[in-house]
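Visitor: Attaching a single structure in structure tokens format; questions to follow.
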2 protein chains.
Amino acid sequence: MRRTREDIRQRLLDSALVEFGAKGFDGASTRSIAQRVDAHQPQINYHFDSKEALWAAAVDHLFGRLGEELADLPRPDGTDDPARLAATFAEAVRRFVRFAAAHPELNRIMVHEATEDSDRLRWMVERHVRPMYDAIRDVWQRLRDAGIAAPIDPAMVHYVIVGAASLPFVNAPEARLLTGAEPTDLAWVEAHADGLVATLLPGLPDPSLKVER
Amino acid sequence: MRRTREDIRQRLLDSALVEFGAKGFDGASTRSIAQRVDAHQPQINYHFDSKEALWAAAVDHLFGRLGEELADLPRPDGTDDPARLAATFAEAVRRFVRFAAAHPELNRIMVHEATEDSDRLRWMVERHVRPMYDAIRDVWQRLRDAGIAAPIDPAMVHYVIVGAASLPFVNAPEARLLTGAEPTDLAWVEAHADGLVATLLPGLPDPSLKVER
DNA sequence: GTCTATAATTAGATAGAC
DNA sequence: GTCTATCTAATTATAGAC
């Protein structure tokens, strides 16, 4: 297998996500990140400028993947009827749950960074999180007005959704010990998504309705 | 102000919680922990045996405080009627939300440790988390049977509650940037608790009913 | 581009004076 | 018990041969 420039960069990015997710920025070492893909530590400074630049590139990479997962959902606009808006929102929640299960690094890194104010946090919030936060808040307000959504303030619901959706996967090693089950199993993930959607949207007209792709 | 033996131990424990919560076990430095309370780094090895022992003592300390907050709630037993059980459960959730707001270190440390299997994680799960997990699962099953609880599997509801309840406080620095509000303000905390209880227990007979103390 | 060697810094732990 | 000094190990980053 050839190790082209892009190949090694991709491998380093994926390795960085795992290490930064598991240990945080300070706890992760560039040696471990390199070793995990059979590279040497100085290659990180060669392919990326610094540990910080590697972190930023890895975060961009991962939020990019999340964006791809949600890209083909219809954009909510003012003309949607509430039932259709709710179905689209439900589908977005399901996809977010699946993404959180497949890529726990995203929310692990979020939590690691969000516990202390820093330049990295501000960069990540403005670049990646705020667009999601704003979109969720606005749609939720309309679903509340339509009587479909649970009684949670639109300013807070982002944290309820993200927290409830991702914690079993963020804390997957703990969940394995605690439940004896494998939280990333397909059936477990879908059950979690179903429960979350039904709880968040008790007024969903037809829970089985799936949006068109 | 005197600095007795117990005094300095308490200060070091509190400082350790903040640092371990913010940076994780690897990222936190014993020097910073000591400096935060105007002590010197070797005092940690004097008053505690090691960084690891300090961590364990700090975790015990914090879970002990959570236990105190919940201690006077009536133990659920098989004879409780569902409405009373639900009222007690709702009160426990409210107190957990308040505790998470006042002591975000608890859930920060949980998340830092739970993202990777380790001796520290196993110790913490068996000693502190499993009793809570078991209690929540059993009560939730009964509330589901009574038609009071939202449609979430009893094996998963622990993560829904903990994740949704604590993330705004775990990620408080992010929430401040994102919402412009202070998530630890009393009104914000109570609104979050109210929304969570109403969402988790849509069949609660009387949401305003408070349990006796 | 890769790899060895190493510089510069910082970590946790310990010894010993007081 | 506290504090200075220091040990060993591990960190990120860089220099230079290939």
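Please note that chains go A, B, ... in the order of the structure tokens, that every chain numbers its residues from 1, and that ligands are numbered from 1 in the order shown.
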Go through chain B residue by residue and, counting only C-alpha atoms (C1' of nucleotides), keep those with an atom at most 12 Å from chain C; for each kept residue give the shortest atom pair and its distance in Å to one decimal, ordered by chain and increasing number, as CSV.

Guide:
```
residue,atom,partner,partner_atom,distance
B:Asp26,CA,C:DA11,C1',10.0
B:Gly27,CA,C:DA11,C1',10.1
B:Ala28,CA,C:DA11,C1',10.1
B:Ser29,CA,C:DA11,C1',7.5
B:Thr30,CA,C:DG12,C1',7.7
B:Arg31,CA,C:DA11,C1',9.0
B:Ser32,CA,C:DA11,C1',11.3
B:Gln41,CA,C:DG12,C1',9.2
B:Pro42,CA,C:DA13,C1',7.9
B:Gln43,CA,C:DA13,C1',11.0
B:Ile44,CA,C:DA13,C1',10.1
B:Asn45,CA,C:DA13,C1',7.5
B:Tyr46,CA,C:DA13,C1',10.3
B:Phe48,CA,C:DA13,C1',11.9
B:Asp49,CA,C:DA13,C1',9.8
B:Ser50,CA,C:DA13,C1',8.2
B:Lys51,CA,C:DG12,C1',7.7
B:Glu52,CA,C:DG12,C1',10.6
```

Visitor: Let's see if you can do this: from backbone DSSP, list all helix (DSSP H, G or I) residues in stretch 8-166 of chain B, as a PyMOL selection string.

Guide: chain B and resi 8-27+30-35+41-47+51-70+82-102+104-114+119-145+157-166

Visitor: Using only C-alpha atoms, determine which residues of chain B fall within 8 Å of chain A; present them as an MDAnalysis selection string.

Guide: chainID B and resid 21:27 108 111:112 114:117 121:122 125 130 133 150:153 155:156 159:168 170:174 177:179 191:192 195:196 198:200

Visitor: Take the residues that were just selected and, keeping C-alpha atoms, output them as a compact mmCIF listing (two decimals), in the first residue's frame.

Guide:
```txt
# COMPACT_ATOMS: atom_id res chain seq x y z
CA GLY B 21 -12.26 18.60 35.81
CA ALA B 22 -10.78 21.17 33.48
CA LYS B 23 -7.82 19.22 32.06
CA GLY B 24 -8.36 15.56 32.90
CA PHE B 25 -6.01 13.36 34.87
CA ASP B 26 -3.12 13.52 32.42
CA GLY B 27 -3.55 17.17 31.54
CA ARG B 108 -16.39 16.71 33.87
CA VAL B 111 -16.49 12.31 31.04
CA HIS B 112 -12.73 12.65 31.12
CA ALA B 114 -15.16 7.39 30.85
CA THR B 115 -13.79 7.93 27.35
CA GLU B 116 -11.10 5.30 27.77
CA ASP B 117 -11.00 2.08 29.75
CA LEU B 121 -12.66 4.22 35.36
CA ARG B 122 -13.39 0.75 36.72
CA VAL B 125 -17.86 2.90 38.13
CA ARG B 130 -23.27 1.56 39.53
CA TYR B 133 -27.35 3.44 37.63
CA ALA B 150 -41.31 8.95 28.56
CA PRO B 151 -40.62 6.05 26.17
CA ILE B 152 -36.96 5.52 26.96
CA ASP B 153 -35.45 2.12 27.70
CA ALA B 155 -31.11 0.56 30.51
CA MET B 156 -30.43 3.82 28.66
CA TYR B 159 -27.39 8.46 30.10
CA VAL B 160 -30.30 10.55 28.89
CA ILE B 161 -30.77 12.06 32.32
CA VAL B 162 -27.13 12.57 33.16
CA GLY B 163 -26.27 13.85 29.69
CA ALA B 164 -29.18 16.25 29.37
CA ALA B 165 -28.98 17.42 32.98
CA SER B 166 -25.28 18.11 33.15
CA LEU B 167 -24.03 19.15 29.72
CA PRO B 168 -24.95 22.87 30.04
CA VAL B 170 -20.06 20.68 32.08
CA ASN B 171 -19.76 22.90 29.00
CA ALA B 172 -20.57 26.12 30.83
CA PRO B 173 -17.77 28.13 29.17
CA GLU B 174 -19.15 27.08 25.79
CA LEU B 177 -20.32 32.00 24.51
CA LEU B 178 -23.21 30.37 22.68
CA THR B 179 -26.23 31.66 24.60
CA ALA B 191 -35.86 26.33 34.18
CA HIS B 192 -33.56 23.59 32.97
CA GLY B 195 -38.04 21.37 31.41
CA LEU B 196 -36.19 18.14 32.00
CA ALA B 198 -41.67 17.71 32.42
CA THR B 199 -40.10 16.06 29.40
CA LEU B 200 -39.02 12.89 31.19
```

Visitor: Do you have, as JSON lines, the list of residues of chain D lying at most 10 Å from chain A, each with its nearest atom pair and that distance in Å to one decimal, counting only C-alpha atoms (C1' of nucleotides) and ordered by chain then number?

Guide:
```
{"residue": "D:DA10", "atom": "C1'", "partner": "A:Ser29", "partner_atom": "CA", "distance": 9.7}
{"residue": "D:DT11", "atom": "C1'", "partner": "A:Ser29", "partner_atom": "CA", "distance": 7.6}
{"residue": "D:DT12", "atom": "C1'", "partner": "A:Thr30", "partner_atom": "CA", "distance": 7.8}
{"residue": "D:DA13", "atom": "C1'", "partner": "A:Asn45", "partner_atom": "CA", "distance": 7.5}
{"residue": "D:DT14", "atom": "C1'", "partner": "A:Pro42", "partner_atom": "CA", "distance": 8.8}
```

Visitor: Would you write out those residues with all heavy atoms, as a compact mmCIF listing (two decimals), in the first residue's frame?

Guide:
```txt
# COMPACT_ATOMS: atom_id res chain seq x y z
P DA D 10 9.17 7.50 30.41
OP1 DA D 10 8.27 6.38 30.67
OP2 DA D 10 10.40 7.32 29.59
O5' DA D 10 8.34 8.68 29.73
C5' DA D 10 7.36 9.37 30.50
C4' DA D 10 7.07 10.71 29.84
O4' DA D 10 8.14 11.62 30.14
C3' DA D 10 6.99 10.63 28.31
O3' DA D 10 5.74 11.13 27.85
C2' DA D 10 8.12 11.50 27.82
C1' DA D 10 8.37 12.42 29.00
N9 DA D 10 9.75 12.88 29.03
C8 DA D 10 10.89 12.12 28.96
N7 DA D 10 12.00 12.82 28.98
C5 DA D 10 11.56 14.12 29.06
C6 DA D 10 12.24 15.36 29.12
N6 DA D 10 13.56 15.45 29.09
N1 DA D 10 11.48 16.48 29.21
C2 DA D 10 10.15 16.37 29.23
N3 DA D 10 9.40 15.27 29.19
C4 DA D 10 10.18 14.17 29.10
P DT D 11 5.39 11.19 26.31
OP1 DT D 11 4.02 10.67 26.24
OP2 DT D 11 6.49 10.57 25.52
O5' DT D 11 5.37 12.75 25.94
C5' DT D 11 4.55 13.64 26.71
C4' DT D 11 4.98 15.08 26.48
O4' DT D 11 6.32 15.22 27.00
C3' DT D 11 5.13 15.45 25.01
O3' DT D 11 3.88 15.88 24.50
C2' DT D 11 6.13 16.60 25.07
C1' DT D 11 6.96 16.30 26.33
N1 DT D 11 8.38 15.90 26.08
C2 DT D 11 9.34 16.86 25.99
O2 DT D 11 9.09 18.06 26.08
N3 DT D 11 10.61 16.40 25.77
C4 DT D 11 11.00 15.07 25.64
O4 DT D 11 12.17 14.78 25.45
C5 DT D 11 9.93 14.11 25.74
C7 DT D 11 10.25 12.65 25.62
C6 DT D 11 8.69 14.56 25.96
P DT D 12 3.69 15.88 22.91
OP1 DT D 12 2.23 15.94 22.71
OP2 DT D 12 4.47 14.75 22.35
O5' DT D 12 4.38 17.22 22.40
C5' DT D 12 3.87 18.48 22.84
C4' DT D 12 4.76 19.59 22.31
O4' DT D 12 6.13 19.34 22.71
C3' DT D 12 4.78 19.72 20.78
O3' DT D 12 4.68 21.10 20.43
C2' DT D 12 6.11 19.12 20.37
C1' DT D 12 6.99 19.40 21.58
N1 DT D 12 8.09 18.41 21.79
C2 DT D 12 9.40 18.85 21.95
O2 DT D 12 9.71 20.02 21.90
N3 DT D 12 10.32 17.85 22.13
C4 DT D 12 10.07 16.49 22.20
O4 DT D 12 10.99 15.69 22.37
C5 DT D 12 8.68 16.11 22.04
C7 DT D 12 8.30 14.66 22.10
C6 DT D 12 7.77 17.06 21.85
P DA D 13 4.59 21.54 18.88
OP1 DA D 13 3.83 22.80 18.83
OP2 DA D 13 4.16 20.39 18.08
O5' DA D 13 6.11 21.87 18.50
C5' DA D 13 6.85 22.74 19.34
C4' DA D 13 8.30 22.76 18.90
O4' DA D 13 8.95 21.53 19.32
C3' DA D 13 8.51 22.89 17.39
O3' DA D 13 9.29 24.04 17.13
C2' DA D 13 9.20 21.59 16.99
C1' DA D 13 9.84 21.13 18.30
N9 DA D 13 10.00 19.68 18.43
C8 DA D 13 9.04 18.71 18.33
N7 DA D 13 9.49 17.49 18.49
C5 DA D 13 10.84 17.66 18.72
C6 DA D 13 11.87 16.74 18.98
N6 DA D 13 11.70 15.43 19.03
N1 DA D 13 13.13 17.25 19.17
C2 DA D 13 13.31 18.58 19.12
N3 DA D 13 12.40 19.54 18.88
C4 DA D 13 11.18 19.00 18.70
P DT D 14 9.61 24.46 15.59
OP1 DT D 14 9.61 25.93 15.57
OP2 DT D 14 8.77 23.68 14.67
O5' DT D 14 11.12 23.96 15.43
C5' DT D 14 12.03 24.20 16.49
C4' DT D 14 13.38 23.57 16.17
O4' DT D 14 13.34 22.14 16.45
C3' DT D 14 13.82 23.70 14.71
O3' DT D 14 15.19 24.10 14.73
C2' DT D 14 13.66 22.28 14.17
C1' DT D 14 13.97 21.45 15.40
N1 DT D 14 13.44 20.06 15.42
C2 DT D 14 14.30 19.04 15.72
O2 DT D 14 15.48 19.20 15.96
N3 DT D 14 13.72 17.79 15.71
C4 DT D 14 12.39 17.49 15.45
O4 DT D 14 11.98 16.34 15.47
C5 DT D 14 11.55 18.62 15.14
C7 DT D 14 10.11 18.42 14.84
C6 DT D 14 12.11 19.85 15.15
```

Visitor: Show which residues sit within 7 Å of stretch 79-86 of chain A, as a list in words. Count only C-alpha atoms (C1' of nucleotides), and ignore same-chain residues fewer than 3 positions away.

Guide: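 Using only C-alpha atoms (C1' of nucleotides), the neighbours found are Pro76, Phe89, Ala90, Leu143, Ala146, Leu204 and Pro205 of chain A.
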
Visitor: Calculate how many Å separate atom CA of B:Trp123 from atom CA of B:Val59, rounding to one decimal.

Guide: 10.5 Å

Visitor: To one decimal place, how far is atom CA of B:Gln35 from atom CA of B:Ser15 in Å?

Guide: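 Atom CA of B:Gln35 sits 9.0 Å away from atom CA of B:Ser15.
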